[in-house]
Structures are given as C-alpha cells and as structure tokens.
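The next block holds one structure in the form of structure tokens; read it before the comments.
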Amino acid sequence: MCVVDVDSPCSEFEGGTPLHIAAQNLALDTAKVLLANGAYPFAVDVNDKQPLGECLGTSLFLYLF
C-alpha cells in the first residue's frame, strides 16, 4: 500500500499543495481526486493564498463550494 501526503507543500510552486497546483491549472478532475483523498482546501502557500483563491469565478470554484 502506498501512502501519499496530499497536502505536502511543493517548493517549486511557492509552497503550494497539489490542490493549489490543480486549482491554478483548473484541473477539475485532479482537484476532485485530491479532495476525495483528504486534501485540505484551506491550506495556505508561502504567499498566504488558498486553493480557493486560485480558481475564483470558475467551474472548479463552484465544485469546491
């Protein structure tokens, strides 16, 4: 069994989580998988941005909330 931390920050993306990256790229299916596996939608990156802020006004935003 493989255990992966879905909230692990990525230094190449300003400390954003995989959900931040999915939101920035409007990758709805990826965001769904991450959220279904426990990704925290309110995590902040080094610029105090949340994944939600990366996708305001998009279909991904509507899915998240």
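Naming works like this for the structure tokens: A, B, ... for the chains as they're shown, residue 1 at the start of each chain, ligands 1 onward in shown order.
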Fewer than 3 positions away in the same chain doesn't count, so skip those; otherwise give me all residues within 6 Å of stretch 24-41 of chain A, counting only C-alpha atoms, as a ChimeraX atom specification.
/A:6-7,19,21,54,60
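If only C-alpha atoms are the atoms counted, then among A:Pro9, A:Lys49, A:Ala43, A:Cys55 the closest residue to A:Ala22 is A:Cys55.
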Residues flagged alpha helix (DSSP H) by DSSP in chain A, as a PyMOL selection string:
chain A and resi 18-24+28-36+51-54+59-64
Hey, can you spit out that residue selection with C-alpha atoms as a PDB file, in the first residue's frame?
```
ATOM      1  CA  PRO A  18      -1.087  19.691  -5.062  1.00  0.00           C
ATOM      2  CA  LEU A  19      -4.570  21.216  -4.694  1.00  0.00           C
ATOM      3  CA  HIS A  20      -3.092  24.713  -5.228  1.00  0.00           C
ATOM      4  CA  ILE A  21      -1.466  23.467  -8.417  1.00  0.00           C
ATOM      5  CA  ALA A  22      -4.655  21.769  -9.619  1.00  0.00           C
ATOM      6  CA  ALA A  23      -6.660  24.932  -8.906  1.00  0.00           C
ATOM      7  CA  GLN A  24      -4.164  27.151 -10.754  1.00  0.00           C
ATOM      8  CA  LEU A  28     -11.202  19.777 -12.001  1.00  0.00           C
ATOM      9  CA  ASP A  29     -10.762  16.004 -12.138  1.00  0.00           C
ATOM     10  CA  THR A  30      -7.436  16.243 -10.310  1.00  0.00           C
ATOM     11  CA  ALA A  31      -8.959  18.502  -7.660  1.00  0.00           C
ATOM     12  CA  LYS A  32     -11.806  16.013  -7.162  1.00  0.00           C
ATOM     13  CA  VAL A  33      -9.344  13.160  -6.625  1.00  0.00           C
ATOM     14  CA  LEU A  34      -7.250  15.210  -4.207  1.00  0.00           C
ATOM     15  CA  LEU A  35     -10.296  16.310  -2.202  1.00  0.00           C
ATOM     16  CA  ALA A  36     -11.688  12.769  -2.145  1.00  0.00           C
ATOM     17  CA  PRO A  51      -6.527  26.918  -3.476  1.00  0.00           C
ATOM     18  CA  LEU A  52      -9.943  28.559  -3.499  1.00  0.00           C
ATOM     19  CA  GLY A  53      -8.389  31.909  -4.391  1.00  0.00           C
ATOM     20  CA  GLU A  54      -6.625  30.360  -7.372  1.00  0.00           C
ATOM     21  CA  SER A  59     -16.285  25.854 -12.506  1.00  0.00           C
ATOM     22  CA  LEU A  60     -13.662  24.499 -10.098  1.00  0.00           C
ATOM     23  CA  PHE A  61     -14.692  27.152  -7.557  1.00  0.00           C
ATOM     24  CA  LEU A  62     -18.318  26.061  -7.943  1.00  0.00           C
ATOM     25  CA  TYR A  63     -17.292  22.439  -7.322  1.00  0.00           C
ATOM     26  CA  LEU A  64     -15.265  23.282  -4.227  1.00  0.00           C
TER      27      LEU A  64
END
```
For A:Glu14, please output as a ChimeraX atom specification all residues within 9 Å (counting only C-alpha atoms; exclusion window: fewer than 6 positions along the same chain).
/A:45-47
